[in-house]
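S.K.: Enclosed is the structure file coords-v9.txt (compact mmCIF, C-alpha atoms).
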```txt
# COMPACT_ATOMS: atom_id res chain seq x y z
CA PHE A 1 -6.81 14.35 1.97
CA GLY A 2 -6.84 12.72 -1.47
CA GLY A 3 -9.85 14.80 -2.48
CA MET A 4 -8.11 17.98 -1.35
CA VAL A 5 -4.97 17.11 -3.32
CA ALA A 6 -7.04 16.32 -6.40
CA TRP A 7 -8.82 19.69 -6.12
CA ILE A 8 -5.54 21.60 -5.81
CA HIS A 9 -4.10 19.68 -8.77
CA ALA A 10 -7.07 20.57 -10.97
CA GLU A 11 -8.10 24.00 -9.65
CA GLY A 12 -5.02 25.31 -7.86
CA ILE A 13 -4.82 26.50 -4.26
CA PRO A 14 -8.05 28.37 -3.35
CA THR A 15 -7.64 32.13 -3.03
CA THR A 16 -11.14 32.91 -1.75
CA ALA A 17 -13.31 31.69 1.10
CA ALA A 18 -15.81 30.29 -1.39
CA GLY A 19 -13.08 28.35 -3.15
CA ALA A 20 -11.78 26.93 0.13
CA LYS A 21 -15.30 25.82 1.09
CA SER A 22 -15.78 24.13 -2.28
CA MET A 23 -12.49 22.30 -1.88
CA GLY A 24 -13.49 21.27 1.64
CA ARG A 25 -16.80 19.84 0.44
CA VAL A 26 -15.08 17.79 -2.25
CA ALA A 27 -12.45 16.58 0.22
CA SER A 28 -15.16 15.62 2.73
CA ALA A 29 -17.06 13.71 0.05
CA ALA A 30 -13.91 11.80 -0.88
CA GLY A 31 -13.19 10.92 2.74
CA ALA A 32 -16.79 9.95 3.47
CA ALA A 33 -17.02 7.73 0.38
CA CYS A 34 -13.90 5.85 1.49
CA CYS A 35 -14.76 5.70 5.20
CA GLU A 36 -18.07 3.99 4.47
CA VAL A 37 -15.93 0.99 3.53
CA MET A 38 -14.36 -0.97 6.40
CA GLY A 39 -10.68 -0.08 6.28
CA ALA A 40 -11.35 3.34 4.75
CA LEU A 41 -9.92 2.57 1.31
CA PRO A 42 -11.58 3.56 -1.99
CA ILE A 43 -13.31 1.02 -4.20
CA LEU A 44 -12.73 1.91 -7.85
CA GLY A 45 -16.01 3.04 -9.43
CA GLN A 46 -18.17 2.60 -6.33
CA SER A 47 -16.42 5.31 -4.31
CA GLU A 48 -16.48 7.67 -7.28
CA ALA A 49 -20.23 7.22 -7.69
CA ARG A 50 -20.76 7.79 -3.98
CA MET A 51 -18.71 11.01 -4.12
CA ARG A 52 -21.03 12.30 -6.83
CA GLU A 53 -24.03 11.54 -4.62
CA LEU A 54 -22.59 13.23 -1.54
CA GLU A 55 -21.30 16.36 -3.27
CA PRO A 56 -22.44 17.25 -6.83
CA ARG A 57 -19.43 19.56 -7.25
CA THR A 58 -17.20 16.53 -7.50
CA ALA A 59 -18.75 15.58 -10.86
CA ALA A 60 -17.03 18.40 -12.76
CA LEU A 61 -13.71 17.53 -11.13
CA LEU A 62 -14.00 13.81 -11.85
CA ASP A 63 -15.15 14.33 -15.43
CA ARG A 64 -12.04 16.28 -16.32
CA ARG A 65 -9.55 14.35 -14.22
CA PRO A 66 -5.94 14.95 -15.22
CA VAL A 67 -3.94 12.62 -17.43
CA LEU A 68 -2.07 11.44 -14.34
CA ALA A 69 -5.21 9.71 -13.09
CA HIS A 70 -5.64 7.85 -16.38
CA ALA A 71 -2.00 6.81 -16.16
CA ALA A 72 -2.69 5.41 -12.71
CA HIS A 73 -5.58 3.33 -14.07
CA LYS A 74 -3.26 2.03 -16.79
CA HIS A 75 -0.73 1.11 -14.11
CA LEU A 76 -3.42 -0.88 -12.30
CA ALA A 77 -4.34 -2.58 -15.56
CA ASP A 78 -0.69 -3.44 -16.11
CA ASP A 79 -0.60 -4.96 -12.64
CA SER A 80 -3.44 -7.29 -13.56
CA ALA A 81 -1.87 -8.21 -16.86
CA ASP A 82 1.56 -9.10 -15.49
CA GLY A 83 0.48 -10.69 -12.22
CA GLY A 84 0.97 -7.44 -10.26
CA VAL A 85 0.90 -6.62 -6.60
CA ALA A 86 -2.78 -7.36 -5.95
CA CYS A 87 -2.53 -10.78 -7.58
CA ALA A 88 0.75 -11.54 -5.79
CA VAL A 89 -0.61 -10.66 -2.36
CA THR A 90 -3.90 -12.49 -2.93
CA THR A 91 -2.04 -15.60 -4.08
CA SER A 92 0.32 -15.40 -1.10
CA LEU A 93 -2.48 -15.04 1.45
CA ALA A 94 -4.37 -17.93 -0.16
CA SER A 95 -1.49 -20.36 0.38
CA THR A 96 -1.97 -22.85 3.21
CA GLN A 97 0.99 -21.55 5.19
CA GLN A 98 0.04 -17.88 4.88
CA ALA A 99 -3.65 -18.53 5.52
CA ALA A 100 -2.65 -20.23 8.77
CA ALA A 101 -0.37 -17.30 9.67
CA VAL A 102 -3.12 -14.76 9.05
CA ALA A 103 -5.61 -16.84 11.07
CA SER A 104 -3.16 -17.06 13.98
CA LEU A 105 -2.50 -13.33 13.94
CA VAL A 106 -6.23 -12.55 13.71
CA SER A 107 -6.79 -14.78 16.75
CA ALA A 108 -4.05 -12.98 18.68
CA LEU A 109 -5.44 -9.57 17.74
CA SER A 110 -9.00 -10.57 18.63
CA ALA A 111 -7.87 -11.46 22.14
CA CYS A 112 -7.17 -7.75 22.66
CA ALA A 113 -10.79 -6.72 22.24
CA VAL A 114 -12.02 -4.15 24.76
CA GLU A 115 -15.53 -5.52 25.26
CA GLY A 116 -15.75 -8.08 28.05
CA CYS A 117 -12.09 -7.65 29.06
CA ALA A 118 -10.64 -6.39 32.32
CA SER A 119 -8.83 -3.08 32.44
CA SER A 120 -5.55 -5.00 32.34
CA ALA A 121 -6.42 -6.60 29.00
CA ALA A 122 -3.66 -7.15 26.48
CA GLN A 123 -3.02 -4.52 23.86
CA VAL A 124 -1.88 -4.40 20.23
CA ILE A 125 1.07 -2.17 19.35
CA VAL A 126 1.65 -1.67 15.62
CA THR A 127 5.03 -0.35 14.59
CA GLY A 128 7.18 0.46 11.59
CA ILE A 129 9.70 2.91 10.17
CA GLY A 130 9.52 5.09 7.06
CA LYS A 131 6.53 4.57 4.77
CA SER A 132 5.74 1.32 6.55
CA ALA A 133 5.08 3.40 9.66
CA ALA A 134 2.21 5.14 7.84
CA VAL A 135 0.57 1.78 7.13
CA ALA A 136 1.18 0.69 10.72
CA GLY A 137 -0.51 3.84 12.01
CA ARG A 138 -3.53 3.28 9.80
CA LEU A 139 -3.88 -0.35 10.93
CA SER A 140 -3.81 0.65 14.60
CA ALA A 141 -6.51 3.26 13.97
CA SER A 142 -8.72 0.74 12.17
CA LEU A 143 -8.28 -1.80 14.95
CA ARG A 144 -9.32 0.77 17.55
CA SER A 145 -12.41 1.63 15.53
CA ILE A 146 -13.60 -1.98 15.72
CA GLY A 147 -13.05 -2.24 19.47
CA LEU A 148 -9.45 -3.34 20.07
CA ARG A 149 -6.94 -1.91 22.49
CA ALA A 150 -4.45 -0.77 19.85
CA CYS A 151 -1.90 1.96 19.40
CA PHE A 152 0.91 2.95 17.05
CA LEU A 153 4.53 3.42 18.10
CA HIS A 154 7.24 4.53 15.69
CA GLY A 155 9.95 1.91 15.37
CA THR A 156 12.70 4.27 16.52
CA GLU A 157 11.06 5.00 19.89
CA TRP A 158 11.08 1.54 21.46
CA LEU A 159 14.63 1.65 22.80
CA HIS A 160 14.14 5.09 24.34
CA GLY A 161 11.79 4.07 27.14
CA ASP A 162 8.65 3.00 25.30
CA VAL A 163 9.36 -0.71 25.65
CA GLY A 164 8.08 -0.10 29.18
CA MET A 165 4.50 -0.21 27.88
CA LEU A 166 4.76 -3.91 27.09
CA GLY A 167 3.10 -6.53 29.27
CA GLN A 168 2.18 -10.19 29.33
CA GLY A 169 -0.01 -11.15 26.40
CA ASP A 170 0.53 -8.00 24.35
CA VAL A 171 0.85 -8.34 20.58
CA VAL A 172 3.36 -6.31 18.57
CA VAL A 173 2.93 -6.16 14.79
CA ALA A 174 5.89 -4.74 12.85
CA PHE A 175 5.73 -3.66 9.20
CA SER A 176 9.01 -3.95 7.28
CA HIS A 177 9.03 -4.45 3.53
CA SER A 178 12.65 -5.62 3.48
CA GLY A 179 12.34 -7.65 6.64
CA GLU A 180 15.80 -6.36 7.51
CA THR A 181 15.01 -3.10 9.33
CA ALA A 182 17.71 -3.13 12.01
CA GLU A 183 15.66 -1.41 14.73
CA LEU A 184 12.79 -3.85 14.32
CA VAL A 185 14.98 -6.95 14.16
CA ALA A 186 16.72 -5.88 17.36
CA LEU A 187 13.39 -5.55 19.18
CA ALA A 188 12.55 -9.24 19.18
CA GLY A 189 14.39 -10.22 22.36
CA LEU A 190 13.04 -7.29 24.36
CA ILE A 191 9.48 -7.94 23.26
CA LYS A 192 9.57 -11.63 24.08
CA SER A 193 11.24 -11.01 27.45
CA ARG A 194 8.15 -9.00 28.46
CA GLY A 195 5.80 -11.88 27.65
CA ALA A 196 4.52 -10.28 24.43
CA THR A 197 4.36 -11.91 21.01
CA TYR A 198 6.08 -10.44 17.96
CA TRP A 199 4.62 -10.57 14.46
CA GLY A 200 6.09 -9.24 11.24
CA VAL A 201 4.49 -8.17 7.96
CA VAL A 202 7.30 -8.35 5.41
CA GLY A 203 7.74 -8.27 1.66
CA SER A 204 10.06 -11.24 1.21
CA GLU A 205 9.80 -14.93 2.00
CA GLN A 206 13.20 -15.03 3.68
CA SER A 207 14.51 -12.29 5.95
CA SER A 208 15.94 -11.60 9.37
CA MET A 209 12.42 -10.88 10.63
CA HIS A 210 11.45 -14.45 9.76
CA GLY A 211 14.14 -15.65 12.12
CA VAL A 212 13.25 -13.52 15.13
CA CYS A 213 9.44 -13.13 14.99
CA ASP A 214 6.88 -15.50 16.49
CA GLY A 215 5.02 -15.35 13.20
CA VAL A 216 5.28 -13.62 9.83
CA VAL A 217 2.74 -12.66 7.16
CA ASN A 218 4.20 -12.07 3.72
CA ALA A 219 3.17 -9.01 1.66
CA PRO A 220 5.13 -9.59 -1.57
CA ALA A 221 5.75 -6.66 -3.92
CA THR A 222 8.43 -5.99 -6.53
CA GLU A 223 9.18 -3.33 -9.16
CA GLU A 224 8.78 -0.30 -6.95
CA LEU A 225 8.42 3.08 -8.63
CA LEU A 226 11.89 4.11 -9.91
CA GLY A 227 13.07 0.82 -8.48
CA ALA A 228 13.11 2.19 -4.94
CA VAL A 229 10.19 4.51 -4.09
CA PRO A 230 7.79 2.67 -1.71
CA SER A 231 4.70 2.29 -3.87
CA ARG A 232 3.63 -1.25 -4.66
CA SER A 233 4.97 -2.40 -1.30
CA ILE A 234 2.63 0.05 0.45
CA VAL A 235 -0.35 -1.30 -1.50
CA ALA A 236 0.67 -4.84 -0.54
CA GLN A 237 0.96 -3.90 3.13
CA GLU A 238 -2.44 -2.19 3.05
CA MET A 239 -3.99 -5.33 1.57
CA VAL A 240 -2.62 -7.39 4.45
CA ALA A 241 -3.81 -4.75 6.94
CA ASN A 242 -7.31 -4.91 5.47
CA ALA A 243 -7.27 -8.70 5.57
CA LEU A 244 -6.42 -8.53 9.27
CA VAL A 245 -9.12 -5.97 10.01
CA GLY A 246 -11.66 -8.03 8.08
CA GLY A 247 -10.61 -11.18 9.93
CA VAL A 248 -11.01 -9.52 13.32
CA VAL A 249 -14.43 -8.14 12.34
CA GLU A 250 -15.55 -11.65 11.44
CA SER A 251 -13.91 -13.24 14.48
CA LEU A 252 -15.51 -10.84 16.95
CA GLY A 253 -18.79 -10.47 15.08
CA VAL A 254 -18.41 -6.68 14.90
CA THR A 255 -21.61 -5.11 13.60
CA LYS A 256 -22.09 -1.94 11.60
CA GLU A 257 -23.89 -0.45 14.59
CA ALA A 258 -20.97 -1.23 16.91
CA PHE A 259 -18.52 0.29 14.46
CA ARG A 260 -20.57 3.47 14.15
CA ALA A 261 -20.85 3.69 17.93
CA ASN A 262 -17.05 3.94 18.00
CA HIS A 263 -17.11 6.51 15.19
CA PRO A 264 -19.75 9.12 16.08
CA GLY A 265 -18.03 11.87 14.09
CA GLY A 266 -17.87 12.62 10.38
CA ALA A 267 -20.04 11.14 7.66
CA ILE A 268 -20.10 7.73 9.36
CA GLY A 269 -21.57 9.14 12.56
CA HIS A 270 -23.92 11.33 10.55
CA PHE A 271 -26.06 8.30 9.72
CA ASP A 272 -26.92 7.91 13.39
CA ARG A 273 -27.67 11.60 13.89
CA VAL A 274 -30.27 11.93 11.14
```
Once more with this new file: its structure as structure tokens, please.

M.R.:
Amino acid sequence: FGGMVAWIHAEGIPTTAAGAKSMGRVASAAGAACCEVMGALPILGQSEARMRELEPRTAALLDRRPVLAHAAHKHLADDSADGGVACAVTTSLASTQQAAAVASLVSALSACAVEGCASSAAQVIVTGIGKSAAVAGRLSASLRSIGLRACFLHGTEWLHGDVGMLGQGDVVVAFSHSGETAELVALAGLIKSRGATYWGVVGSEQSSMHGVCDGVVNAPATEELLGAVPSRSIVAQEMVANALVGGVVESLGVTKEAFRANHPGGAIGHFDRV
């Protein structure tokens, strides 16, 4: 998707079949370069080089990237200089308390692995509202790809019948930057009454979610774009999501071959078909 947006920004919306195919190749190269990395996030420099290998047409696009892209790099540099979001999240996760919280959540998630479990095995439900819901959806997809029983449920749907999916031993992970999202705070009692555990990923060290969840992982982020647009908070949440995925991979001993077996399509699956 990012590759497609970049193409449209630089070249405009394709008006011919040839143009649409060229855009598609660039978009596929961008997606493939990211999906080769566990968690499907780009690695600055490495992903760009891989895009050039997969689709030579991307070179011309990358070499004349718009000023906006350079501004984004400057923003990342500013983050490093002023102790930005990446540093803040890394420091938070490295603390003894947060390291223990992450380890506990990884253990709970790992218990929901499909392999070796009965059909009644516990499941992971990841939830959120607004932009946090997008991160929650991505985490659930990544967990499925490494062999967990995981799904996403929008935070507004729980009280309209979907709480019925919960069972003993299930794990619910809720993303809320403020930690005050009313719908998610109100869920705690219902979740626990079904024998499930409730975890929060929040952006503050003190919030209502801290008081109602069984455990909380902090994803600190301040100075959002325009003071309100979810931007740095989304990066912080994605970093926590990747830390959880990486922890589960290590805990379960997930191999590259096992991951590809769950992902036979696209560029990842292509390696096994050639």

S.K.: May I ask which of the residues A:Ala27, A:Ala141, A:Ala186, A:Val240 is the closest one to Thr156 (chain A), counting only C-alpha atoms?

M.R.: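 Among A:Ala27, A:Ala141, A:Ala186, A:Val240, it is A:Ala186 that comes nearest to Thr156 (chain A).
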
S.K.: Neighbours of region 175-185 of chain A within 7 Å (only C-alpha atoms; same-chain residues fewer than 6 positions away dropped), as a list in words?

M.R.: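 These residues fall inside the cut-off: Thr127, Gly128, Ser132, Ala136, Gly155, Thr156, Gly200, Val201, Val202, Gly203, Ser204, Ser207, Ser208, Met209, Val212 and Ser233 of chain A.
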
S.K.: Under the rule that all atoms listed in the file are counted, which of A:Gly211, A:Ala60, A:Leu190, A:Pro230 is the nearest residue to Gly161 (chain A)?

M.R.: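 Under the stated criterion, the closest residue is A:Leu190.
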
S.K.: So the first atom is CA of Met239 (chain A) and the second is CA of Pro220 (chain A); what is the distance between them in Å, to one decimal place?

M.R.: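 Answer for the CA of Met239 (chain A) to CA of Pro220 (chain A) separation: 10.5 Å.
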
S.K.: Have a look at A:Thr58, A:Gln206, A:Ser193, A:Asn218 and name the one nearest to Gly24 (chain A); count all atoms listed in the file.

M.R.: A:Thr58

S.K.: Find the residue from A:Leu226, A:Leu244, A:Ile146, A:Ile234 that sits nearest to Glu257 (chain A); use only C-alpha atoms when measuring.

M.R.: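 Distance minimum relative to Glu257 (chain A) lands on A:Ile146.
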